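**Student:** Attaching a single structure in structure tokens format; questions to follow.
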Amino acid sequence: MTRYEQPDYSVVASRGEYEVRDYASHLIAETTVAGDFENTGNVAFGRLAGFIFGKNSAGEKMNMTVPVTHLPLPEGGHRYRFVMERAYSEEDLPQPLDESVDIVRLPGGPYAALRYRGGRGEGRFRRAADQLLSALRRDGIEVTGRPEAAVYDGPFVPPPIRRNEVLLPVEWPPKRGDDATP
């Protein structure tokens, strides 16, 4: 179990290699960076870490949370997100001083999650995303969005023990007539 705060969720189904989670609504700070998969993370992390470590309207330092998510965008670029601590609401969360950082409330809802270990490179992420998509098709679960990488461990954790996930929004419960059962 991680020592960092993470969004509330409940596991609504477990299907061997993946699980379906129902996430509660939560606040995130996000930024979008132009570039390729491998070279956008440092820029995004610098922006988001700057925000939580005091580059905000209150000069307040906030705690790191997990996961840090990374969503490759179809139009190019990559969106990165930090989860905000549950102690904050829209009204009392300090505002970013960096105009490239936005605060958004995610509505929550059902996501399929597949864990994988090792590096965070594009190849490993794509293989895990393909594995999850294949399993969801097999189980008749409708996908409602694009896969994103979720990182739970820092860069100094050895790759063989890092916790990474692919998160993918899904329709849940499955529609009647599907092969999947809740």
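Each chain in the structure tokens gets a letter, A, B, ..., in the order shown, and its residues are numbered from 1; ligands are numbered from 1 in order too.
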Select from range 141-173 of chain A every residue with an atom at most 12 Å from any atom of range 18-33 of chain A, then for each give the shortest pair of atoms and their distance in Å to one decimal, using only C-alpha atoms, rows by chain and rising number, as CSV.

**Tutor:**
residue,atom,partner,partner_atom,distance
A:Ile141,CA,A:Val20,CA,10.1
A:Glu142,CA,A:Val20,CA,11.9
A:Val143,CA,A:Val20,CA,11.6
A:Glu165,CA,A:Tyr18,CA,9.7
A:Val166,CA,A:Tyr18,CA,9.5
A:Leu167,CA,A:Val20,CA,9.5
A:Leu168,CA,A:Val20,CA,9.3
A:Pro169,CA,A:Val20,CA,9.2
A:Val170,CA,A:Val20,CA,8.3
A:Glu171,CA,A:Val20,CA,10.0
A:Trp172,CA,A:Val20,CA,8.4
A:Pro173,CA,A:Val20,CA,9.7

**Student:** Please list as a PDB file with all heavy atoms, in the first residue's frame every residue within 9 Å of range 146-159 of chain A, counting only C-alpha atoms and excluding residues in the same chain fewer than 5 positions away.

**Tutor:**
ATOM      1  N   THR A   2       0.505   2.224  -0.725  1.00  0.00           N
ATOM      2  CA  THR A   2       1.294   3.445  -0.846  1.00  0.00           C
ATOM      3  C   THR A   2       1.128   4.339   0.374  1.00  0.00           C
ATOM      4  O   THR A   2       0.095   4.334   1.031  1.00  0.00           O
ATOM      5  CB  THR A   2       0.899   4.210  -2.127  1.00  0.00           C
ATOM      6  OG1 THR A   2       1.707   5.373  -2.208  1.00  0.00           O
ATOM      7  CG2 THR A   2      -0.556   4.596  -2.133  1.00  0.00           C
ATOM      8  N   TYR A   4       1.253   7.540   0.063  1.00  0.00           N
ATOM      9  CA  TYR A   4       0.701   8.778  -0.480  1.00  0.00           C
ATOM     10  C   TYR A   4      -0.806   8.658  -0.629  1.00  0.00           C
ATOM     11  O   TYR A   4      -1.338   7.594  -0.945  1.00  0.00           O
ATOM     12  CB  TYR A   4       1.311   9.089  -1.849  1.00  0.00           C
ATOM     13  CG  TYR A   4       2.796   9.330  -1.800  1.00  0.00           C
ATOM     14  CD1 TYR A   4       3.689   8.378  -2.274  1.00  0.00           C
ATOM     15  CD2 TYR A   4       3.307  10.511  -1.283  1.00  0.00           C
ATOM     16  CE1 TYR A   4       5.054   8.605  -2.233  1.00  0.00           C
ATOM     17  CE2 TYR A   4       4.672  10.748  -1.237  1.00  0.00           C
ATOM     18  CZ  TYR A   4       5.541   9.781  -1.710  1.00  0.00           C
ATOM     19  OH  TYR A   4       6.885  10.008  -1.664  1.00  0.00           O
ATOM     20  N   THR A  65       0.770  13.352  -4.062  1.00  0.00           N
ATOM     21  CA  THR A  65      -0.250  12.303  -4.073  1.00  0.00           C
ATOM     22  C   THR A  65       0.063  11.354  -5.230  1.00  0.00           C
ATOM     23  O   THR A  65       0.960  11.615  -6.039  1.00  0.00           O
ATOM     24  CB  THR A  65      -1.653  12.899  -4.274  1.00  0.00           C
ATOM     25  OG1 THR A  65      -1.659  13.593  -5.517  1.00  0.00           O
ATOM     26  CG2 THR A  65      -2.032  13.845  -3.137  1.00  0.00           C
ATOM     27  N   VAL A  66      -0.682  10.281  -5.334  1.00  0.00           N
ATOM     28  CA  VAL A  66      -0.553   9.358  -6.455  1.00  0.00           C
ATOM     29  C   VAL A  66      -1.947   8.976  -6.928  1.00  0.00           C
ATOM     30  O   VAL A  66      -2.912   9.088  -6.174  1.00  0.00           O
ATOM     31  CB  VAL A  66       0.244   8.076  -6.067  1.00  0.00           C
ATOM     32  CG1 VAL A  66       1.686   8.417  -5.768  1.00  0.00           C
ATOM     33  CG2 VAL A  66      -0.389   7.330  -4.911  1.00  0.00           C
ATOM     34  N   PRO A  67      -2.074   8.536  -8.161  1.00  0.00           N
ATOM     35  CA  PRO A  67      -1.014   8.440  -9.150  1.00  0.00           C
ATOM     36  C   PRO A  67      -0.797   9.762  -9.883  1.00  0.00           C
ATOM     37  O   PRO A  67      -1.650  10.643  -9.857  1.00  0.00           O
ATOM     38  CB  PRO A  67      -1.546   7.396 -10.124  1.00  0.00           C
ATOM     39  CG  PRO A  67      -3.035   7.628 -10.129  1.00  0.00           C
ATOM     40  CD  PRO A  67      -3.350   8.005  -8.678  1.00  0.00           C
ATOM     41  N   VAL A  68       0.342   9.841 -10.534  1.00  0.00           N
ATOM     42  CA  VAL A  68       0.560  10.863 -11.557  1.00  0.00           C
ATOM     43  C   VAL A  68       0.118  10.200 -12.849  1.00  0.00           C
ATOM     44  O   VAL A  68       0.549   9.085 -13.154  1.00  0.00           O
ATOM     45  CB  VAL A  68       2.044  11.277 -11.637  1.00  0.00           C
ATOM     46  CG1 VAL A  68       2.270  12.233 -12.798  1.00  0.00           C
ATOM     47  CG2 VAL A  68       2.497  11.890 -10.323  1.00  0.00           C
ATOM     48  N   THR A  69      -0.786  10.840 -13.580  1.00  0.00           N
ATOM     49  CA  THR A  69      -1.270  10.208 -14.812  1.00  0.00           C
ATOM     50  C   THR A  69      -0.764  10.945 -16.046  1.00  0.00           C
ATOM     51  O   THR A  69      -0.458  12.138 -16.008  1.00  0.00           O
ATOM     52  CB  THR A  69      -2.810  10.115 -14.850  1.00  0.00           C
ATOM     53  OG1 THR A  69      -3.361  11.427 -14.832  1.00  0.00           O
ATOM     54  CG2 THR A  69      -3.341   9.287 -13.685  1.00  0.00           C
ATOM     55  N   HIS A  70      -0.684  10.186 -17.119  1.00  0.00           N
ATOM     56  CA  HIS A  70      -0.147  10.658 -18.397  1.00  0.00           C
ATOM     57  C   HIS A  70      -1.057  10.128 -19.501  1.00  0.00           C
ATOM     58  O   HIS A  70      -1.194   8.923 -19.658  1.00  0.00           O
ATOM     59  CB  HIS A  70       1.274  10.112 -18.540  1.00  0.00           C
ATOM     60  CG  HIS A  70       1.893  10.338 -19.875  1.00  0.00           C
ATOM     61  ND1 HIS A  70       3.082   9.767 -20.218  1.00  0.00           N
ATOM     62  CD2 HIS A  70       1.519  11.074 -20.951  1.00  0.00           C
ATOM     63  CE1 HIS A  70       3.416  10.129 -21.446  1.00  0.00           C
ATOM     64  NE2 HIS A  70       2.473  10.916 -21.905  1.00  0.00           N
ATOM     65  N   LEU A  71      -1.678  11.044 -20.223  1.00  0.00           N
ATOM     66  CA  LEU A  71      -2.591  10.686 -21.300  1.00  0.00           C
ATOM     67  C   LEU A  71      -2.063  11.219 -22.619  1.00  0.00           C
ATOM     68  O   LEU A  71      -2.032  12.438 -22.833  1.00  0.00           O
ATOM     69  CB  LEU A  71      -3.982  11.275 -21.037  1.00  0.00           C
ATOM     70  CG  LEU A  71      -5.041  11.052 -22.108  1.00  0.00           C
ATOM     71  CD1 LEU A  71      -5.415   9.572 -22.192  1.00  0.00           C
ATOM     72  CD2 LEU A  71      -6.275  11.892 -21.818  1.00  0.00           C
ATOM     73  N   PRO A  72      -1.618  10.330 -23.525  1.00  0.00           N
ATOM     74  CA  PRO A  72      -1.258  10.784 -24.871  1.00  0.00           C
ATOM     75  C   PRO A  72      -2.529  11.264 -25.585  1.00  0.00           C
ATOM     76  O   PRO A  72      -3.555  10.594 -25.566  1.00  0.00           O
ATOM     77  CB  PRO A  72      -0.706   9.522 -25.535  1.00  0.00           C
ATOM     78  CG  PRO A  72      -0.352   8.596 -24.406  1.00  0.00           C
ATOM     79  CD  PRO A  72      -1.342   8.912 -23.320  1.00  0.00           C
ATOM     80  N   LEU A  73      -2.467  12.437 -26.187  1.00  0.00           N
ATOM     81  CA  LEU A  73      -3.638  13.026 -26.835  1.00  0.00           C
ATOM     82  C   LEU A  73      -3.643  12.730 -28.327  1.00  0.00           C
ATOM     83  O   LEU A  73      -2.590  12.768 -28.964  1.00  0.00           O
ATOM     84  CB  LEU A  73      -3.651  14.538 -26.591  1.00  0.00           C
ATOM     85  CG  LEU A  73      -3.696  14.941 -25.116  1.00  0.00           C
ATOM     86  CD1 LEU A  73      -3.506  16.441 -24.967  1.00  0.00           C
ATOM     87  CD2 LEU A  73      -5.003  14.492 -24.494  1.00  0.00           C
ATOM     88  N   ARG A 117       4.590  -3.712 -14.010  1.00  0.00           N
ATOM     89  CA  ARG A 117       5.830  -3.310 -13.339  1.00  0.00           C
ATOM     90  C   ARG A 117       6.854  -2.865 -14.371  1.00  0.00           C
ATOM     91  O   ARG A 117       6.706  -3.113 -15.547  1.00  0.00           O
ATOM     92  CB  ARG A 117       6.405  -4.482 -12.544  1.00  0.00           C
ATOM     93  CG  ARG A 117       5.441  -5.020 -11.516  1.00  0.00           C
ATOM     94  CD  ARG A 117       5.892  -4.662 -10.139  1.00  0.00           C
ATOM     95  NE  ARG A 117       4.957  -5.182  -9.148  1.00  0.00           N
ATOM     96  CZ  ARG A 117       4.401  -4.416  -8.240  1.00  0.00           C
ATOM     97  NH1 ARG A 117       4.637  -3.143  -8.199  1.00  0.00           N
ATOM     98  NH2 ARG A 117       3.583  -4.932  -7.359  1.00  0.00           N
ATOM     99  N   GLY A 118       7.886  -2.221 -13.892  1.00  0.00           N
ATOM    100  CA  GLY A 118       9.001  -1.879 -14.767  1.00  0.00           C
ATOM    101  C   GLY A 118       9.027  -0.429 -15.150  1.00  0.00           C
ATOM    102  O   GLY A 118       8.469   0.433 -14.464  1.00  0.00           O
ATOM    103  N   GLY A 119       9.685  -0.165 -16.266  1.00  0.00           N
ATOM    104  CA  GLY A 119       9.862   1.195 -16.753  1.00  0.00           C
ATOM    105  C   GLY A 119       8.558   1.838 -17.187  1.00  0.00           C
ATOM    106  O   GLY A 119       7.521   1.191 -17.298  1.00  0.00           O
ATOM    107  N   ARG A 120       8.664   3.134 -17.466  1.00  0.00           N
ATOM    108  CA  ARG A 120       7.478   3.917 -17.829  1.00  0.00           C
ATOM    109  C   ARG A 120       7.476   4.318 -19.295  1.00  0.00           C
ATOM    110  O   ARG A 120       6.754   5.221 -19.683  1.00  0.00           O
ATOM    111  CB  ARG A 120       7.439   5.174 -16.968  1.00  0.00           C
ATOM    112  CG  ARG A 120       7.365   4.859 -15.522  1.00  0.00           C
ATOM    113  CD  ARG A 120       7.280   6.125 -14.712  1.00  0.00           C
ATOM    114  NE  ARG A 120       7.261   5.770 -13.322  1.00  0.00           N
ATOM    115  CZ  ARG A 120       8.225   6.068 -12.473  1.00  0.00           C
ATOM    116  NH1 ARG A 120       9.260   6.769 -12.860  1.00  0.00           N
ATOM    117  NH2 ARG A 120       8.131   5.690 -11.221  1.00  0.00           N
ATOM    118  N   PHE A 125       4.026   0.869 -21.854  1.00  0.00           N
ATOM    119  CA  PHE A 125       2.661   1.382 -21.689  1.00  0.00           C
ATOM    120  C   PHE A 125       1.753   0.856 -22.799  1.00  0.00           C
ATOM    121  O   PHE A 125       0.644   0.384 -22.532  1.00  0.00           O
ATOM    122  CB  PHE A 125       2.669   2.913 -21.686  1.00  0.00           C
ATOM    123  CG  PHE A 125       1.303   3.527 -21.870  1.00  0.00           C
ATOM    124  CD1 PHE A 125       0.353   3.453 -20.872  1.00  0.00           C
ATOM    125  CD2 PHE A 125       0.967   4.167 -23.058  1.00  0.00           C
ATOM    126  CE1 PHE A 125      -0.911   4.001 -21.036  1.00  0.00           C
ATOM    127  CE2 PHE A 125      -0.293   4.719 -23.230  1.00  0.00           C
ATOM    128  CZ  PHE A 125      -1.233   4.635 -22.221  1.00  0.00           C
ATOM    129  N   ARG A 126       2.196   0.939 -24.047  1.00  0.00           N
ATOM    130  CA  ARG A 126       1.354   0.483 -25.171  1.00  0.00           C
ATOM    131  C   ARG A 126       1.042  -1.005 -25.067  1.00  0.00           C
ATOM    132  O   ARG A 126      -0.088  -1.422 -25.352  1.00  0.00           O
ATOM    133  CB  ARG A 126       2.028   0.797 -26.507  1.00  0.00           C
ATOM    134  CG  ARG A 126       2.245   2.270 -26.775  1.00  0.00           C
ATOM    135  CD  ARG A 126       0.999   2.960 -27.242  1.00  0.00           C
ATOM    136  NE  ARG A 126       1.278   4.373 -27.456  1.00  0.00           N
ATOM    137  CZ  ARG A 126       0.420   5.339 -27.296  1.00  0.00           C
ATOM    138  NH1 ARG A 126      -0.809   5.067 -26.944  1.00  0.00           N
ATOM    139  NH2 ARG A 126       0.754   6.586 -27.504  1.00  0.00           N
ATOM    140  N   ALA A 129      -1.551  -1.363 -22.366  1.00  0.00           N
ATOM    141  CA  ALA A 129      -2.837  -0.843 -22.852  1.00  0.00           C
ATOM    142  C   ALA A 129      -3.484  -1.818 -23.823  1.00  0.00           C
ATOM    143  O   ALA A 129      -4.697  -2.075 -23.746  1.00  0.00           O
ATOM    144  CB  ALA A 129      -2.648   0.525 -23.503  1.00  0.00           C
ATOM    145  N   LEU A 133      -7.094  -3.583 -23.334  1.00  0.00           N
ATOM    146  CA  LEU A 133      -8.135  -3.458 -24.368  1.00  0.00           C
ATOM    147  C   LEU A 133      -8.585  -4.822 -24.867  1.00  0.00           C
ATOM    148  O   LEU A 133      -9.788  -5.066 -25.042  1.00  0.00           O
ATOM    149  CB  LEU A 133      -7.630  -2.602 -25.528  1.00  0.00           C
ATOM    150  CG  LEU A 133      -7.570  -1.104 -25.249  1.00  0.00           C
ATOM    151  CD1 LEU A 133      -6.685  -0.394 -26.266  1.00  0.00           C
ATOM    152  CD2 LEU A 133      -8.969  -0.510 -25.238  1.00  0.00           C
ATOM    153  N   ASN A 164       2.948   0.590 -11.814  1.00  0.00           N
ATOM    154  CA  ASN A 164       2.363   1.388 -12.886  1.00  0.00           C
ATOM    155  C   ASN A 164       1.025   0.741 -13.235  1.00  0.00           C
ATOM    156  O   ASN A 164       0.827  -0.447 -13.010  1.00  0.00           O
ATOM    157  CB  ASN A 164       3.253   1.373 -14.134  1.00  0.00           C
ATOM    158  CG  ASN A 164       4.658   1.837 -13.851  1.00  0.00           C
ATOM    159  OD1 ASN A 164       4.872   2.889 -13.278  1.00  0.00           O
ATOM    160  ND2 ASN A 164       5.638   1.027 -14.232  1.00  0.00           N
ATOM    161  N   GLU A 165       0.131   1.524 -13.801  1.00  0.00           N
ATOM    162  CA  GLU A 165      -1.149   0.982 -14.258  1.00  0.00           C
ATOM    163  C   GLU A 165      -1.558   1.651 -15.557  1.00  0.00           C
ATOM    164  O   GLU A 165      -1.144   2.774 -15.845  1.00  0.00           O
ATOM    165  CB  GLU A 165      -2.252   1.243 -13.230  1.00  0.00           C
ATOM    166  CG  GLU A 165      -2.080   0.521 -11.932  1.00  0.00           C
ATOM    167  CD  GLU A 165      -3.182   0.802 -10.927  1.00  0.00           C
ATOM    168  OE1 GLU A 165      -3.866   1.844 -11.028  1.00  0.00           O
ATOM    169  OE2 GLU A 165      -3.352  -0.028 -10.026  1.00  0.00           O
ATOM    170  N   VAL A 166      -2.393   0.942 -16.293  1.00  0.00           N
ATOM    171  CA  VAL A 166      -3.158   1.543 -17.379  1.00  0.00           C
ATOM    172  C   VAL A 166      -4.556   1.724 -16.826  1.00  0.00           C
ATOM    173  O   VAL A 166      -5.134   0.784 -16.260  1.00  0.00           O
ATOM    174  CB  VAL A 166      -3.208   0.652 -18.634  1.00  0.00           C
ATOM    175  CG1 VAL A 166      -4.144   1.245 -19.672  1.00  0.00           C
ATOM    176  CG2 VAL A 166      -1.830   0.445 -19.216  1.00  0.00           C
ATOM    177  N   LEU A 167      -5.093   2.937 -16.936  1.00  0.00           N
ATOM    178  CA  LEU A 167      -6.469   3.227 -16.538  1.00  0.00           C
ATOM    179  C   LEU A 167      -7.269   3.544 -17.781  1.00  0.00           C
ATOM    180  O   LEU A 167      -6.804   4.297 -18.647  1.00  0.00           O
ATOM    181  CB  LEU A 167      -6.513   4.421 -15.577  1.00  0.00           C
ATOM    182  CG  LEU A 167      -5.801   4.246 -14.245  1.00  0.00           C
ATOM    183  CD1 LEU A 167      -5.831   5.555 -13.452  1.00  0.00           C
ATOM    184  CD2 LEU A 167      -6.423   3.121 -13.436  1.00  0.00           C
ATOM    185  N   LEU A 168      -8.458   2.980 -17.874  1.00  0.00           N
ATOM    186  CA  LEU A 168      -9.280   3.134 -19.064  1.00  0.00           C
ATOM    187  C   LEU A 168     -10.740   3.273 -18.657  1.00  0.00           C
ATOM    188  O   LEU A 168     -11.290   2.378 -18.008  1.00  0.00           O
ATOM    189  CB  LEU A 168      -9.087   1.905 -19.950  1.00  0.00           C
ATOM    190  CG  LEU A 168      -9.582   1.922 -21.362  1.00  0.00           C
ATOM    191  CD1 LEU A 168      -9.022   3.091 -22.157  1.00  0.00           C
ATOM    192  CD2 LEU A 168      -9.197   0.630 -22.062  1.00  0.00           C
ATOM    193  N   PRO A 169     -11.388   4.403 -18.991  1.00  0.00           N
ATOM    194  CA  PRO A 169     -12.801   4.547 -18.635  1.00  0.00           C
ATOM    195  C   PRO A 169     -13.662   3.521 -19.378  1.00  0.00           C
ATOM    196  O   PRO A 169     -13.435   3.250 -20.561  1.00  0.00           O
ATOM    197  CB  PRO A 169     -13.150   5.976 -19.047  1.00  0.00           C
ATOM    198  CG  PRO A 169     -12.040   6.448 -19.909  1.00  0.00           C
ATOM    199  CD  PRO A 169     -10.870   5.560 -19.697  1.00  0.00           C
TER     200      PRO A 169
END

**Student:** Give the helix (DSSP H, G or I) residues of range 7-73 of chain A, as assigned by DSSP on the backbone, as a ChimeraX atom specification.

**Tutor:** /A:37-39,41-52

**Student:** Could you please determine the separation between CA of Thr40 in chain A and CA of Gly77 in chain A in Å, to one decimal place?

**Tutor:** 8.1 Å

**Student:** Residues at most 10 Å from Ile103 in chain A, counting only C-alpha atoms, excluding those fewer than 2 positions away in the same chain, as an MDAnalysis selection string?

**Tutor:** chainID A and resid 27:31 81:84 90 93:96 101 105:106

**Student:** Could the residues in this selection be written to a file with N, CA, C and O atoms, as an mmCIF file, in the first residue's frame?

**Tutor:**
data_model
loop_
_atom_site.group_PDB
_atom_site.id
_atom_site.type_symbol
_atom_site.label_atom_id
_atom_site.label_comp_id
_atom_site.auth_asym_id
_atom_site.auth_seq_id
_atom_site.Cartn_x
_atom_site.Cartn_y
_atom_site.Cartn_z
ATOM 1 N N LEU A 27 -10.435 16.409 -7.350
ATOM 2 C CA LEU A 27 -9.744 17.528 -7.991
ATOM 3 C C LEU A 27 -8.383 17.089 -8.488
ATOM 4 O O LEU A 27 -7.697 16.295 -7.840
ATOM 5 N N ILE A 28 -7.995 17.643 -9.628
ATOM 6 C CA ILE A 28 -6.660 17.394 -10.174
ATOM 7 C C ILE A 28 -6.086 18.716 -10.671
ATOM 8 O O ILE A 28 -6.820 19.664 -10.972
ATOM 9 N N ALA A 29 -4.768 18.758 -10.735
ATOM 10 C CA ALA A 29 -4.060 19.829 -11.437
ATOM 11 C C ALA A 29 -3.518 19.186 -12.695
ATOM 12 O O ALA A 29 -2.993 18.061 -12.652
ATOM 13 N N GLU A 30 -3.674 19.850 -13.842
ATOM 14 C CA GLU A 30 -3.221 19.246 -15.092
ATOM 15 C C GLU A 30 -2.495 20.252 -15.958
ATOM 16 O O GLU A 30 -2.694 21.462 -15.837
ATOM 17 N N THR A 31 -1.659 19.707 -16.831
ATOM 18 C CA THR A 31 -0.957 20.512 -17.817
ATOM 19 C C THR A 31 -0.775 19.674 -19.070
ATOM 20 O O THR A 31 -0.688 18.454 -18.996
ATOM 21 N N ARG A 81 -1.429 14.749 -15.041
ATOM 22 C CA ARG A 81 -2.287 15.180 -13.943
ATOM 23 C C ARG A 81 -1.697 14.761 -12.599
ATOM 24 O O ARG A 81 -1.187 13.651 -12.460
ATOM 25 N N PHE A 82 -1.825 15.664 -11.625
ATOM 26 C CA PHE A 82 -1.566 15.362 -10.215
ATOM 27 C C PHE A 82 -2.924 15.388 -9.524
ATOM 28 O O PHE A 82 -3.715 16.318 -9.726
ATOM 29 N N VAL A 83 -3.179 14.408 -8.682
ATOM 30 C CA VAL A 83 -4.375 14.384 -7.850
ATOM 31 C C VAL A 83 -4.171 15.370 -6.703
ATOM 32 O O VAL A 83 -3.087 15.436 -6.118
ATOM 33 N N MET A 84 -5.191 16.137 -6.387
ATOM 34 C CA MET A 84 -5.124 17.052 -5.255
ATOM 35 C C MET A 84 -5.583 16.327 -3.990
ATOM 36 O O MET A 84 -6.422 15.427 -4.041
ATOM 37 N N GLU A 90 -12.746 23.162 -4.325
ATOM 38 C CA GLU A 90 -12.514 24.200 -5.348
ATOM 39 C C GLU A 90 -12.372 25.576 -4.712
ATOM 40 O O GLU A 90 -11.629 26.415 -5.211
ATOM 41 N N LEU A 93 -8.660 25.613 -2.580
ATOM 42 C CA LEU A 93 -7.416 25.198 -3.220
ATOM 43 C C LEU A 93 -6.716 26.425 -3.793
ATOM 44 O O LEU A 93 -7.312 27.179 -4.561
ATOM 45 N N PRO A 94 -5.446 26.659 -3.416
ATOM 46 C CA PRO A 94 -4.725 27.787 -4.024
ATOM 47 C C PRO A 94 -4.687 27.643 -5.542
ATOM 48 O O PRO A 94 -4.700 26.529 -6.069
ATOM 49 N N GLN A 95 -4.638 28.759 -6.229
ATOM 50 C CA GLN A 95 -4.624 28.739 -7.687
ATOM 51 C C GLN A 95 -3.194 28.742 -8.221
ATOM 52 O O GLN A 95 -2.318 29.389 -7.649
ATOM 53 N N PRO A 96 -2.958 28.036 -9.322
ATOM 54 C CA PRO A 96 -1.621 28.006 -9.901
ATOM 55 C C PRO A 96 -1.198 29.392 -10.403
ATOM 56 O O PRO A 96 -2.017 30.133 -10.945
ATOM 57 N N VAL A 101 -1.016 25.498 -16.020
ATOM 58 C CA VAL A 101 -1.563 24.515 -15.075
ATOM 59 C C VAL A 101 -3.018 24.886 -14.799
ATOM 60 O O VAL A 101 -3.326 26.023 -14.462
ATOM 61 N N ARG A 105 -12.134 19.453 -11.753
ATOM 62 C CA ARG A 105 -12.774 18.393 -10.968
ATOM 63 C C ARG A 105 -13.155 17.279 -11.931
ATOM 64 O O ARG A 105 -13.930 17.477 -12.867
ATOM 65 N N LEU A 106 -12.580 16.107 -11.710
ATOM 66 C CA LEU A 106 -12.952 14.936 -12.509
ATOM 67 C C LEU A 106 -14.215 14.343 -11.916
ATOM 68 O O LEU A 106 -14.319 14.215 -10.685
#

**Student:** What lies within 12 Å of Ala34 in chain A using only C-alpha atoms, ignoring chain neighbours under 5 positions off, as a list in words?

**Tutor:**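 Everything that qualifies: Asn39, Thr40, Gly41, Asn42, Val43, Ala44, Pro72, Leu73, Pro74, Glu75, Gly76, Gly77, His78, Arg79, Tyr80 and Ser100 of chain A.
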
**Student:** What's around Glu17 in chain A at 10 Å? Count only C-alpha atoms, leave out sequence neighbours fewer than 6 positions away in its own chain, and write the answer as a PyMOL selection string.

**Tutor:** chain A and resi 113-116+131-132+135

**Student:** From the set A:Thr144, A:Glu60, A:Arg15, A:Arg3, which residue has the shortest atom-to-atom contact distance to Gly109 in chain A, counting only C-alpha atoms?

**Tutor:**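 With only C-alpha atoms as the atom set, the closest residue is A:Thr144.
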
**Student:** Within 7 Å of Lys55 in chain A, counting only C-alpha atoms, which residues show up once you throw out same-chain ones fewer than 3 positions away? Write them as a PyMOL selection string, please.

**Tutor:** chain A and resi 50-52+59+96-97

**Student:** Measuring atom to atom with only C-alpha atoms, identify which of A:Arg163, A:Arg86, A:Ser10, A:Asp98 is nearest to Gly46 in chain A.

**Tutor:**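 Closest to Gly46 in chain A, using only C-alpha atoms: A:Asp98.
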